[in-house]
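Structure file query15.txt; described as compact mmCIF, C-alpha atoms and all ligand atoms.
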```txt
# COMPACT_ATOMS: atom_id res chain seq x y z
CA MET I 1 8.01 0.65 8.10
CA THR I 2 5.97 -0.70 5.18
CA ASP I 3 7.19 -3.99 3.75
CA PHE I 4 7.16 -4.00 -0.05
CA THR I 5 8.02 -7.71 -0.49
CA ALA I 6 4.53 -8.37 -1.82
CA THR I 7 4.69 -5.71 -4.53
CA ARG I 8 8.15 -6.81 -5.62
CA ALA I 9 6.72 -10.24 -6.42
CA LEU I 10 4.39 -8.54 -8.92
CA PHE I 11 7.28 -7.60 -11.24
CA HIS I 12 9.64 -9.40 -13.55
CA ILE I 13 13.13 -8.27 -12.56
CA PRO I 14 15.70 -10.28 -14.52
CA PRO I 15 18.04 -12.28 -12.25
CA GLY I 16 21.29 -10.51 -11.52
CA VAL I 17 19.85 -7.05 -12.28
CA ILE I 18 19.65 -4.18 -9.81
CA TYR I 19 17.22 -1.89 -11.56
CA LEU I 20 17.77 1.81 -10.89
CA ASP I 21 16.10 3.10 -14.05
CA GLY I 22 12.42 2.76 -13.17
CA ASN I 23 12.33 6.56 -13.38
CA SER I 24 12.77 6.20 -17.15
CA LEU I 25 11.12 2.87 -17.99
CA GLY I 26 9.45 0.82 -15.27
CA PRO I 27 9.89 -2.98 -15.35
CA LEU I 28 7.32 -5.47 -16.61
CA PRO I 29 4.48 -6.18 -14.17
CA LEU I 30 3.66 -9.90 -14.43
CA ALA I 31 -0.06 -9.10 -14.55
CA ALA I 32 0.51 -7.03 -17.69
CA GLU I 33 1.82 -10.03 -19.57
CA ALA I 34 -1.24 -12.11 -18.75
CA ARG I 35 -3.56 -9.22 -19.49
CA ALA I 36 -2.01 -8.50 -22.88
CA ALA I 37 -2.41 -12.14 -23.86
CA ARG I 38 -6.08 -12.03 -22.83
CA VAL I 39 -6.81 -8.79 -24.66
CA LEU I 40 -5.20 -10.09 -27.82
CA ARG I 41 -6.85 -13.50 -27.92
CA ALA I 42 -10.08 -13.33 -25.90
CA GLU I 43 -11.03 -9.74 -26.69
CA TRP I 44 -9.60 -8.73 -30.07
CA GLY I 45 -9.20 -12.30 -31.35
CA ASP I 46 -12.52 -13.82 -30.34
CA ARG I 47 -14.86 -10.88 -29.99
CA LEU I 48 -13.52 -8.82 -32.86
CA ILE I 49 -15.26 -5.46 -33.21
CA ARG I 50 -17.91 -6.47 -30.68
CA ALA I 51 -15.24 -6.01 -28.00
CA TRP I 52 -15.70 -2.23 -28.17
CA ASN I 53 -18.97 -2.84 -26.35
CA GLU I 54 -18.61 -6.26 -24.76
CA ALA I 55 -15.13 -5.67 -23.34
CA GLU I 56 -15.92 -2.00 -22.62
CA TRP I 57 -13.00 -0.75 -24.66
CA SER I 58 -14.57 2.63 -25.32
CA THR I 59 -14.63 3.62 -21.64
CA MET I 60 -11.08 2.47 -20.93
CA PRO I 61 -9.43 5.91 -21.13
CA ALA I 62 -11.65 7.17 -18.30
CA ARG I 63 -11.48 4.00 -16.22
CA VAL I 64 -7.71 3.93 -16.36
CA GLY I 65 -7.70 7.70 -15.79
CA ASP I 66 -9.63 7.24 -12.56
CA ARG I 67 -6.99 4.85 -11.26
CA ILE I 68 -4.27 7.41 -11.98
CA ALA I 69 -6.41 10.18 -10.47
CA ARG I 70 -6.10 8.53 -7.05
CA LEU I 71 -2.31 8.71 -7.30
CA ILE I 72 -2.19 12.41 -8.13
CA GLY I 73 -4.95 13.70 -5.87
CA ALA I 74 -7.42 14.33 -8.69
CA PRO I 75 -11.14 13.67 -8.35
CA PRO I 76 -12.68 10.74 -10.25
CA GLY I 77 -13.75 11.78 -13.73
CA SER I 78 -11.05 14.43 -14.08
CA VAL I 79 -8.32 12.38 -15.80
CA THR I 80 -8.28 10.75 -19.20
CA THR I 81 -5.59 8.68 -20.91
CA GLY I 82 -4.23 8.16 -24.39
CA ASP I 83 -1.71 9.58 -26.87
CA THR I 84 1.84 10.44 -25.81
CA LEU I 85 2.87 12.99 -23.25
CA SER I 86 4.16 15.33 -25.95
CA ILE I 87 0.62 15.52 -27.32
CA LYS I 88 -0.85 16.04 -23.87
CA VAL I 89 1.63 18.93 -23.33
CA PHE I 90 0.37 20.48 -26.56
CA GLN I 91 -3.29 20.08 -25.61
CA ALA I 92 -2.91 21.30 -22.04
CA LEU I 93 -0.84 24.32 -23.01
CA ALA I 94 -3.19 25.28 -25.84
CA ALA I 95 -6.21 25.03 -23.55
CA ALA I 96 -4.41 27.02 -20.86
CA LEU I 97 -3.39 29.75 -23.31
CA ALA I 98 -6.98 30.03 -24.55
CA LEU I 99 -7.99 30.91 -20.99
CA ARG I 100 -5.69 33.97 -21.04
CA PRO I 101 -6.07 35.38 -24.58
CA GLU I 102 -4.80 38.83 -23.60
CA ARG I 103 -1.44 37.62 -22.24
CA ARG I 104 1.74 36.78 -24.15
CA VAL I 105 4.16 34.77 -22.00
CA VAL I 106 4.54 31.06 -21.33
CA LEU I 107 6.92 30.79 -18.38
CA SER I 108 9.00 27.67 -17.92
CA ASP I 109 12.42 26.70 -16.61
CA SER I 110 15.69 25.43 -17.97
CA GLY I 111 15.25 22.13 -16.12
CA ASN I 112 12.17 21.27 -18.13
CA PHE I 113 12.30 18.28 -20.45
CA PRO I 114 13.13 19.28 -24.03
CA THR I 115 9.89 18.01 -25.55
CA ASP I 116 7.84 20.30 -23.30
CA LEU I 117 9.84 23.31 -24.44
CA TYR I 118 9.87 22.29 -28.11
CA ILE I 119 6.10 21.85 -28.06
CA ALA I 120 5.66 25.20 -26.32
CA ASP I 121 7.87 26.97 -28.87
CA ALA I 122 6.03 25.38 -31.78
CA LEU I 123 2.60 26.04 -30.36
CA CYS I 124 3.40 29.68 -29.61
CA ALA I 125 4.72 30.13 -33.15
CA ALA I 126 1.67 28.44 -34.66
CA LEU I 127 -0.85 30.44 -32.62
CA GLY I 128 0.72 33.61 -33.93
CA ARG I 129 -0.48 36.12 -31.38
CA GLY I 130 2.91 37.37 -30.25
CA LEU I 131 3.39 34.58 -27.73
CA GLU I 132 6.83 33.83 -26.36
CA VAL I 133 8.29 31.07 -24.21
CA LYS I 134 10.34 32.54 -21.41
CA VAL I 135 12.78 30.09 -19.83
CA VAL I 136 14.40 30.98 -16.51
CA ALA I 137 16.53 29.05 -14.01
CA PRO I 138 14.40 26.78 -11.78
CA GLU I 139 15.08 28.85 -8.68
CA GLU I 140 14.03 32.02 -10.50
CA VAL I 141 10.57 30.84 -11.53
CA ALA I 142 8.69 32.31 -8.58
CA ASP I 143 10.12 35.80 -9.08
CA ALA I 144 9.52 35.66 -12.83
CA ILE I 145 5.77 35.22 -12.42
CA ASP I 146 4.18 38.57 -13.20
CA GLU I 147 1.11 39.91 -14.95
CA SER I 148 2.52 39.31 -18.42
CA VAL I 149 2.47 35.56 -17.83
CA ALA I 150 -0.42 33.61 -19.35
CA VAL I 151 0.75 30.14 -18.38
CA VAL I 152 3.31 28.78 -15.95
CA MET I 153 4.32 25.46 -17.49
CA LEU I 154 6.64 23.35 -15.34
CA THR I 155 7.77 19.79 -14.80
CA GLN I 156 7.51 19.21 -11.08
CA VAL I 157 10.60 16.97 -10.82
CA ASP I 158 13.63 17.84 -12.95
CA TYR I 159 14.58 14.83 -15.09
CA ARG I 160 18.31 15.52 -14.74
CA THR I 161 18.77 16.54 -11.11
CA GLY I 162 15.58 15.34 -9.43
CA ARG I 163 14.98 18.86 -8.05
CA LEU I 164 11.38 19.19 -6.88
CA HIS I 165 9.28 22.30 -7.43
CA ASP I 166 6.78 23.32 -4.76
CA MET I 167 3.64 22.84 -6.83
CA ALA I 168 1.25 24.40 -4.30
CA ALA I 169 3.37 27.50 -3.68
CA LEU I 170 4.08 28.18 -7.36
CA THR I 171 0.47 27.57 -8.34
CA GLU I 172 -0.66 30.00 -5.66
CA ARG I 173 1.80 32.57 -6.93
CA ALA I 174 0.70 32.02 -10.53
CA HIS I 175 -2.94 32.45 -9.59
CA ALA I 176 -2.19 35.60 -7.62
CA ALA I 177 -0.71 37.05 -10.82
CA GLY I 178 -3.70 35.87 -12.87
CA ALA I 179 -1.81 33.07 -14.68
CA VAL I 180 -2.87 29.50 -15.36
CA THR I 181 -0.67 26.47 -14.53
CA VAL I 182 0.29 23.35 -16.49
CA TRP I 183 2.16 20.76 -14.43
CA ASP I 184 4.06 17.90 -16.04
CA LEU I 185 4.03 15.02 -13.55
CA ALA I 186 6.14 12.61 -15.65
CA HIS I 187 8.64 12.17 -12.80
CA SER I 188 6.10 12.63 -9.99
CA ALA I 189 3.21 10.23 -10.58
CA GLY I 190 4.01 7.10 -8.58
CA ALA I 191 7.22 8.70 -7.31
CA LEU I 192 5.88 10.86 -4.49
CA PRO I 193 2.53 11.99 -3.07
CA VAL I 194 0.96 14.52 -5.43
CA ASP I 195 -2.23 16.45 -4.73
CA VAL I 196 -3.22 18.45 -7.77
CA THR I 197 -6.51 19.42 -6.14
CA ALA I 198 -4.98 20.77 -2.95
CA ALA I 199 -2.34 22.58 -5.01
CA GLY I 200 -5.02 24.10 -7.25
CA ALA I 201 -3.25 22.96 -10.44
CA ASP I 202 -5.23 23.93 -13.52
CA PHE I 203 -3.89 21.28 -15.89
CA ALA I 204 -1.69 18.28 -15.11
CA ILE I 205 -0.20 15.80 -17.52
CA GLY I 206 2.21 12.90 -17.31
CA CYS I 207 3.47 9.70 -18.80
CA THR I 208 2.86 6.23 -17.43
CA TYR I 209 5.92 4.28 -18.56
CA LYS I 210 8.13 5.44 -15.69
CA TYR I 211 7.01 4.90 -12.08
CA LEU I 212 3.59 3.58 -13.19
CA ASN I 213 5.19 0.75 -15.18
CA GLY I 214 2.82 0.91 -18.16
CA GLY I 215 5.48 -0.20 -20.68
CA PRO I 216 7.37 1.54 -23.49
CA GLY I 217 5.23 4.19 -25.16
CA ALA I 218 2.38 3.64 -22.66
CA PRO I 219 -0.54 6.09 -22.91
CA ALA I 220 -0.12 9.46 -21.23
CA PHE I 221 -2.65 11.12 -18.94
CA ILE I 222 -4.21 14.56 -18.64
CA HIS I 223 -6.11 16.10 -15.76
CA VAL I 224 -8.19 19.25 -16.11
CA ALA I 225 -9.39 21.00 -12.94
CA ASP I 226 -13.16 21.10 -12.50
CA ALA I 227 -13.24 24.87 -12.96
CA HIS I 228 -11.96 24.54 -16.55
CA ALA I 229 -13.16 21.11 -17.58
CA ASN I 230 -16.27 22.31 -19.39
CA VAL I 231 -14.77 25.45 -20.90
CA ALA I 232 -11.33 24.16 -21.98
CA GLN I 233 -10.97 24.36 -25.75
CA PRO I 234 -9.60 21.16 -27.26
CA ILE I 235 -7.09 22.25 -29.89
CA LEU I 236 -6.96 18.69 -31.22
CA ALA I 237 -10.65 18.33 -31.90
CA GLY I 238 -10.58 14.61 -32.65
CA TRP I 239 -13.71 12.53 -32.96
CA PHE I 240 -13.12 10.61 -29.73
CA GLY I 241 -13.29 13.91 -27.86
CA HIS I 242 -16.64 14.66 -29.48
CA ASP I 243 -19.76 14.55 -27.35
CA ALA I 244 -21.21 11.82 -29.59
CA PRO I 245 -18.42 10.23 -31.66
CA PHE I 246 -20.69 7.67 -33.24
CA ALA I 247 -23.24 10.27 -34.34
CA PHE I 248 -20.67 11.17 -37.02
CA GLU I 249 -21.85 14.78 -37.07
CA ARG I 250 -20.23 17.31 -39.39
CA GLY I 251 -19.52 19.79 -36.61
CA TYR I 252 -17.39 19.28 -33.53
CA ARG I 253 -19.10 19.43 -30.16
CA PRO I 254 -16.72 18.83 -27.25
CA ALA I 255 -17.58 16.03 -24.84
CA PRO I 256 -18.33 17.10 -21.28
CA GLY I 257 -15.38 17.52 -18.95
CA VAL I 258 -11.95 16.01 -19.48
CA GLU I 259 -13.28 13.55 -22.06
CA ARG I 260 -12.88 16.35 -24.61
CA MET I 261 -9.12 15.84 -24.27
CA ARG I 262 -9.39 12.46 -25.95
CA VAL I 263 -8.28 12.65 -29.57
CA GLY I 264 -8.55 9.50 -31.70
CA THR I 265 -9.14 5.79 -31.18
CA PRO I 266 -7.76 4.75 -27.79
CA PRO I 267 -4.76 2.35 -27.85
CA ILE I 268 -6.61 -0.55 -26.25
CA VAL I 269 -3.76 -3.04 -25.97
CA ALA I 270 -1.50 -0.44 -24.38
CA LEU I 271 -4.28 0.79 -22.07
CA SER I 272 -4.96 -2.79 -20.97
CA ILE I 273 -1.31 -3.29 -20.11
CA LEU I 274 -1.30 -0.02 -18.18
CA ASP I 275 -4.51 -1.02 -16.39
CA ALA I 276 -2.90 -4.29 -15.29
CA ALA I 277 0.26 -2.41 -14.24
CA LEU I 278 -1.85 -0.15 -12.03
CA ASP I 279 -2.98 -3.20 -10.03
CA ALA I 280 0.41 -2.98 -8.29
CA TRP I 281 -0.67 0.38 -6.84
CA GLU I 282 -3.94 -0.90 -5.35
CA GLY I 283 -3.94 -0.30 -1.61
CA VAL I 284 -0.48 1.28 -1.76
CA ASP I 285 -0.13 4.38 0.38
CA MET I 286 1.92 7.05 -1.40
CA THR I 287 3.15 8.38 1.95
CA ALA I 288 4.71 4.98 2.66
CA VAL I 289 6.22 4.92 -0.84
CA ARG I 290 7.72 8.34 -0.26
CA ALA I 291 9.18 7.33 3.12
CA ALA I 292 10.73 4.22 1.56
CA SER I 293 12.01 6.16 -1.45
CA ILE I 294 13.71 8.67 0.84
CA ARG I 295 15.30 5.84 2.85
CA LEU I 296 16.63 4.24 -0.35
CA SER I 297 17.98 7.46 -1.82
CA GLU I 298 19.52 8.57 1.47
CA THR I 299 21.25 5.20 1.81
CA PHE I 300 22.56 5.49 -1.73
CA ILE I 301 23.91 9.01 -1.19
CA ARG I 302 25.50 8.04 2.11
CA GLU I 303 27.19 4.95 0.66
CA VAL I 304 28.32 6.68 -2.53
CA GLU I 305 29.69 9.73 -0.75
CA ALA I 306 31.55 7.52 1.72
CA ARG I 307 33.17 5.40 -0.97
CA CYS I 308 33.20 7.25 -4.29
CA PRO I 309 35.20 10.49 -3.95
CA GLN I 310 35.34 10.59 -7.78
CA VAL I 311 31.67 11.66 -8.10
CA THR I 312 29.78 14.77 -7.00
CA LEU I 313 26.18 14.87 -5.87
CA ALA I 314 24.09 16.77 -8.44
CA SER I 315 20.69 16.36 -6.75
CA PRO I 316 19.42 18.43 -3.84
CA ARG I 317 20.81 17.09 -0.59
CA ASP I 318 17.50 17.68 1.19
CA PRO I 319 15.38 14.61 0.37
CA TYR I 320 12.21 16.72 0.52
CA ALA I 321 13.61 18.95 -2.23
CA ARG I 322 13.99 16.10 -4.70
CA GLY I 323 11.82 13.51 -6.37
CA SER I 324 12.67 9.82 -6.35
CA GLN I 325 15.98 9.90 -8.17
CA VAL I 326 19.58 10.77 -7.39
CA SER I 327 22.11 12.12 -9.86
CA VAL I 328 25.85 12.36 -9.45
CA THR I 329 28.33 13.78 -11.89
CA HIS I 330 31.53 12.24 -13.19
CA PRO I 331 33.61 13.50 -16.15
CA HIS I 332 33.35 10.04 -17.76
CA ALA I 333 29.72 9.36 -16.93
CA TYR I 334 29.01 7.38 -20.10
CA PRO I 335 31.66 4.64 -19.77
CA VAL I 336 31.11 4.48 -16.01
CA MET I 337 27.43 3.73 -16.61
CA GLN I 338 28.23 1.15 -19.28
CA ALA I 339 30.58 -0.58 -16.82
CA LEU I 340 27.83 -0.51 -14.17
CA ILE I 341 25.32 -1.99 -16.59
CA ALA I 342 27.80 -4.74 -17.48
CA ARG I 343 27.82 -5.60 -13.75
CA GLY I 344 24.00 -5.69 -13.64
CA VAL I 345 23.37 -2.23 -12.15
CA ILE I 346 21.11 -0.39 -14.58
CA GLY I 347 20.83 3.37 -14.36
CA ASP I 348 21.30 5.90 -17.15
CA VAL I 349 23.30 8.90 -18.25
CA ARG I 350 22.24 12.39 -19.19
CA GLN I 351 24.93 14.19 -21.11
CA PRO I 352 27.46 15.46 -20.56
CA ASP I 353 28.29 14.10 -17.14
CA VAL I 354 25.22 13.00 -15.18
CA LEU I 355 24.83 9.46 -13.82
CA ARG I 356 21.17 9.06 -12.94
CA PHE I 357 19.62 6.52 -10.54
CA GLY I 358 15.92 6.06 -9.80
CA PHE I 359 14.51 4.67 -6.54
CA THR I 360 11.33 2.65 -6.75
CA PRO I 361 10.30 1.02 -3.46
CA LEU I 362 7.67 -1.19 -5.06
CA TYR I 363 10.42 -3.49 -6.31
CA LEU I 364 13.76 -2.20 -5.01
CA SER I 365 15.34 -3.15 -1.66
CA GLU I 366 17.82 -1.43 0.61
CA ASP I 367 20.29 -4.32 0.13
CA GLU I 368 20.28 -3.78 -3.61
CA VAL I 369 20.96 -0.09 -3.18
CA VAL I 370 23.96 -0.80 -0.94
CA ARG I 371 25.24 -3.39 -3.45
CA ALA I 372 24.84 -0.92 -6.32
CA ALA I 373 26.92 1.64 -4.41
CA ASP I 374 29.54 -1.07 -3.70
CA ILE I 375 29.78 -1.93 -7.38
CA LEU I 376 30.04 1.74 -8.35
CA ALA I 377 32.83 2.23 -5.81
CA ASP I 378 34.66 -0.78 -7.20
CA ILE I 379 34.32 0.33 -10.82
CA LEU I 380 35.63 3.80 -9.97
CA ALA I 381 38.45 2.66 -7.70
CA THR I 382 39.77 0.04 -10.14
CA GLY I 383 39.26 2.12 -13.30
CA GLU I 384 37.26 -0.79 -14.69
CA TRP I 385 35.16 1.68 -16.66
CA ASP I 386 38.11 2.78 -18.77
CA GLN I 387 37.96 -0.01 -21.34
CA PRO I 388 37.24 0.46 -25.05
CA GLN I 389 33.93 -1.41 -25.04
CA PHE I 390 32.49 0.99 -22.44
CA HIS I 391 33.48 4.08 -24.44
CA ALA I 392 31.78 2.99 -27.67
CA ARG I 393 28.69 5.18 -28.04
CA ALA I 394 26.31 2.50 -29.22
CA ASN I 395 23.32 3.38 -27.05
CA VAL I 396 20.61 5.98 -27.66
CA THR I 397 19.30 6.29 -24.09
C1 LIG F 1 9.04 15.67 -18.25
C2 LIG F 1 8.86 14.87 -19.50
N1 LIG F 1 7.98 15.30 -20.45
C3 LIG F 1 7.82 14.59 -21.59
C4 LIG F 1 8.53 13.42 -21.84
C5 LIG F 1 8.40 12.69 -23.14
O1 LIG F 1 7.14 12.61 -23.64
P1 LIG F 1 6.71 11.45 -24.64
O2 LIG F 1 6.11 10.37 -23.81
O3 LIG F 1 5.77 12.10 -25.57
O4 LIG F 1 7.93 10.92 -25.33
C6 LIG F 1 9.43 12.96 -20.88
C7 LIG F 1 10.24 11.71 -21.06
O5 LIG F 1 10.49 11.20 -22.11
C8 LIG F 1 9.61 13.71 -19.70
O6 LIG F 1 10.49 13.32 -18.79
N1 LIG F 2 10.55 8.12 -23.38
C1 LIG F 2 11.76 7.56 -23.50
C2 LIG F 2 12.07 6.78 -24.61
O1 LIG F 2 11.10 6.59 -25.55
C3 LIG F 2 13.33 6.20 -24.76
C4 LIG F 2 14.27 6.41 -23.76
C5 LIG F 2 14.02 7.18 -22.67
C6 LIG F 2 12.78 7.80 -22.56
C7 LIG F 2 12.47 8.68 -21.43
O2 LIG F 2 11.39 8.63 -20.95
C8 LIG F 2 13.49 9.63 -20.98
C9 LIG F 2 13.03 10.33 -19.76
N2 LIG F 2 11.87 11.17 -19.94
C10 LIG F 2 14.09 11.11 -19.04
O3 LIG F 2 13.79 11.54 -17.97
O4 LIG F 2 15.20 11.30 -19.50
```

Step by step, read the file and then write its structure as structure tokens.
Ligand SMILES: Cc1ncc(COP(=O)(O)O)c(C=O)c1O
Ligand SMILES: Nc1c(O)cccc1C(=O)C[C@H](N)C(=O)O
Amino acid sequence: MTDFTATRALFHIPPGVIYLDGNSLGPLPLAAEARAARVLRAEWGDRLIRAWNEAEWSTMPARVGDRIARLIGAPPGSVTTGDTLSIKVFQALAAALALRPERRVVLSDSGNFPTDLYIADALCAALGRGLEVKVVAPEEVADAIDESVAVVMLTQVDYRTGRLHDMAALTERAHAAGAVTVWDLAHSAGALPVDVTAAGADFAIGCTYKYLNGGPGAPAFIHVADAHANVAQPILAGWFGHDAPFAFERGYRPAPGVERMRVGTPPIVALSILDAALDAWEGVDMTAVRAASIRLSETFIREVEARCPQVTLASPRDPYARGSQVSVTHPHAYPVMQALIARGVIGDVRQPDVLRFGFTPLYLSEDEVVRAADILADILATGEWDQPQFHARANVT
């Protein structure tokens, strides 16, 4: 059993907090704080514009991309970073659709995150070639893949339930029908072993502020499979995706490979923080992370089901059919979560009735998980949650 004591020491976890929301916003890695200070003063402050060369700012999107590549089974040079995930969804889907100009359907599922579906709707409308977004239930995706489908666009782990799609099987099915795949790994990268290469994924995208701990609004990533990297059409033809940005040519020439998916000036401070956050993953074996995550989530389910008859499991019971989070439902999920947070147990709520808890072995122990379940049981048994301050809807998340 891998001991994660050493990685826990790399994070700032406020005293008295049991953090079960690393699936939404990872905690602060201590190295990120030091790195941000250095980038601000020693790089931006002292070197000024020379830092683009001297501090190698211009190659940061690829260097950071390579570190993420290892965690998602992508070859070096096939991942770049920058922008937000919503933008990366737009770029990946547009490039995927351009590979199947004769087809009309983008297939997704009702468990997908709203931004992915909004972007797909808007892009299909803007492209104006009779495209439609077809949304089916998660368990119906495989059967809905037919020869009308241009792109199968899915989030591997459902943000509400934690249900895990079989990326390899669905990609194989999509390819057999002549479709291209776009996989959103927002809730997968750093949560479980992912192998985009073995699965044959065409495009993969994700954010880095969840399990990768890159901080609020951290740069997103995009991977393009080798087969498409030099033919993919960048719909956002920004100058940093140009083959020679500083030649300032009138016409756009895409950079080789995934670099064409860069758009504008990279967010250097944010990339530096993410780079420092990725230090925590050095030498970490994703198989060991997965084993520990399953132990933590199984403990939580066991303890909660034994002591909280008021809630119902909303995640798959089979640990191999879910990502690294567990959801339970309760008719008063919002005040229950506020009461938990007041006792130091931080998870979140997805309306109307989902209490969501993320399991992140890098900094979360089995003892904490048992204590969190204890506190939940207490709050439910005593009705502690049913107080006016917990009902007030002051929070956006
Ligand atoms: C699956 C998924 N896609 C996209 C997003 C959001 O993208 P962005 O980083 O652009 O806000 C999230 C979370 O916010 C998400 O869970
Ligand atoms: N991106 C977020 C934000 O800017 C504020 C609050 C939450 C988020 C999230 O990432 C939500 C998350 N994708 C979810 O799974 O619900």

task: Quick one: pull the distance between CA of Arg50 (chain I) and CA of Tyr209 (chain I), Å, one decimal.
output: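 Distance between the two atoms: 28.8 Å.
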
Wanna dump the chain I-ligand LIG 1 (chain F) contacts at 6 Å for me, each residue with its shortest atom pair and the distance in Å to one decimal, counting only C-alpha atoms and all ligand atoms, ordered by chain and number, as a tab-separated table?
```
residue	atom	partner	partner_atom	distance
I:Thr84	CA	F:LIG1	O3	4.3
I:Leu85	CA	F:LIG1	O3	3.8
I:Ser86	CA	F:LIG1	O3	3.6
I:Phe113	CA	F:LIG1	C1	4.7
I:Thr115	CA	F:LIG1	C3	5.6
I:Asp116	CA	F:LIG1	N1	5.8
I:Thr155	CA	F:LIG1	C1	5.5
I:Tyr159	CA	F:LIG1	O6	5.7
I:Asp184	CA	F:LIG1	C1	5.9
I:Ala186	CA	F:LIG1	C1	5.0
I:Cys207	CA	F:LIG1	O2	5.7
```

message: Any residue with an atom at most 8 Å from ligand LIG 2 (chain F) counts, using all atoms listed in the file. Which are they? Put them as a count of residues only.
response: 15

Which residue of I:Ala270, I:Val289, I:Ala31, I:Val39 approaches Thr2 (chain I) most closely, using all atoms listed in the file: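 Ranked by minimum distance to Thr2 (chain I), first place goes to I:Val289.
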
Scan for residues within 7 Å of the point (-5.8, -5.2, -19.7) in the coordinates of the file, using only C-alpha atoms, and reply as a PDB file with C-alpha atoms, in the coordinates of the input.
```pdb
ATOM      1  CA  ALA I  32       0.510  -7.030 -17.690  1.00  0.00           C
ATOM      2  CA  ARG I  35      -3.560  -9.220 -19.490  1.00  0.00           C
ATOM      3  CA  ALA I  36      -2.010  -8.500 -22.880  1.00  0.00           C
ATOM      4  CA  VAL I  39      -6.810  -8.790 -24.660  1.00  0.00           C
ATOM      5  CA  VAL I 269      -3.760  -3.040 -25.970  1.00  0.00           C
ATOM      6  CA  LEU I 271      -4.280   0.790 -22.070  1.00  0.00           C
ATOM      7  CA  SER I 272      -4.960  -2.790 -20.970  1.00  0.00           C
ATOM      8  CA  ILE I 273      -1.310  -3.290 -20.110  1.00  0.00           C
ATOM      9  CA  ASP I 275      -4.510  -1.020 -16.390  1.00  0.00           C
ATOM     10  CA  ALA I 276      -2.900  -4.290 -15.290  1.00  0.00           C
TER      11      ALA I 276
END
```

- prompt: Given the choices I:Leu355, I:Val231, I:Ala51, I:Ala198, which gets closest to Met337 (chain I) if the distance is worked out from all atoms listed in the file?
  reply: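 Checking each of I:Leu355, I:Val231, I:Ala51, I:Ala198 against Met337 (chain I), counting all atoms listed in the file, the winner is I:Leu355.
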
At a cut-off of 6 Å, using all atoms listed in the file, what residues contact Asp146 (chain I)? Leave out same-chain residues fewer than 2 positions from it and give the result as a short mmCIF file (atom, residue, chain, number, x, y, z; two decimals) with C-alpha atoms, in the frame of the given file.
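The new file around-v8.cif reads:
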```cif
data_model
loop_
_atom_site.label_atom_id
_atom_site.label_comp_id
_atom_site.auth_asym_id
_atom_site.auth_seq_id
_atom_site.Cartn_x
_atom_site.Cartn_y
_atom_site.Cartn_z
CA SER I 148 2.52 39.31 -18.42
CA VAL I 149 2.47 35.56 -17.83
CA ALA I 177 -0.71 37.05 -10.82
#
```

message: Let me make sure I understand: among I:Asp109, I:Ala95, I:Ile119, I:Glu259, which one has the smallest atom-to-atom distance to Ala137 (chain I) if we use all atoms listed in the file?
response: I:Asp109

task: Calculate how many Å separate CA of Asp83 (chain I) from CA of Gly130 (chain I), rounding to one decimal.
output: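 CA of Asp83 (chain I) sits 28.4 Å away from CA of Gly130 (chain I).
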
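Of the residues under consideration (I:Arg253, I:His330, I:His165, I:Arg103), I:Arg103 shows the shortest atom-to-atom contact distance to Val151 (chain I) when counting only C-alpha atoms.
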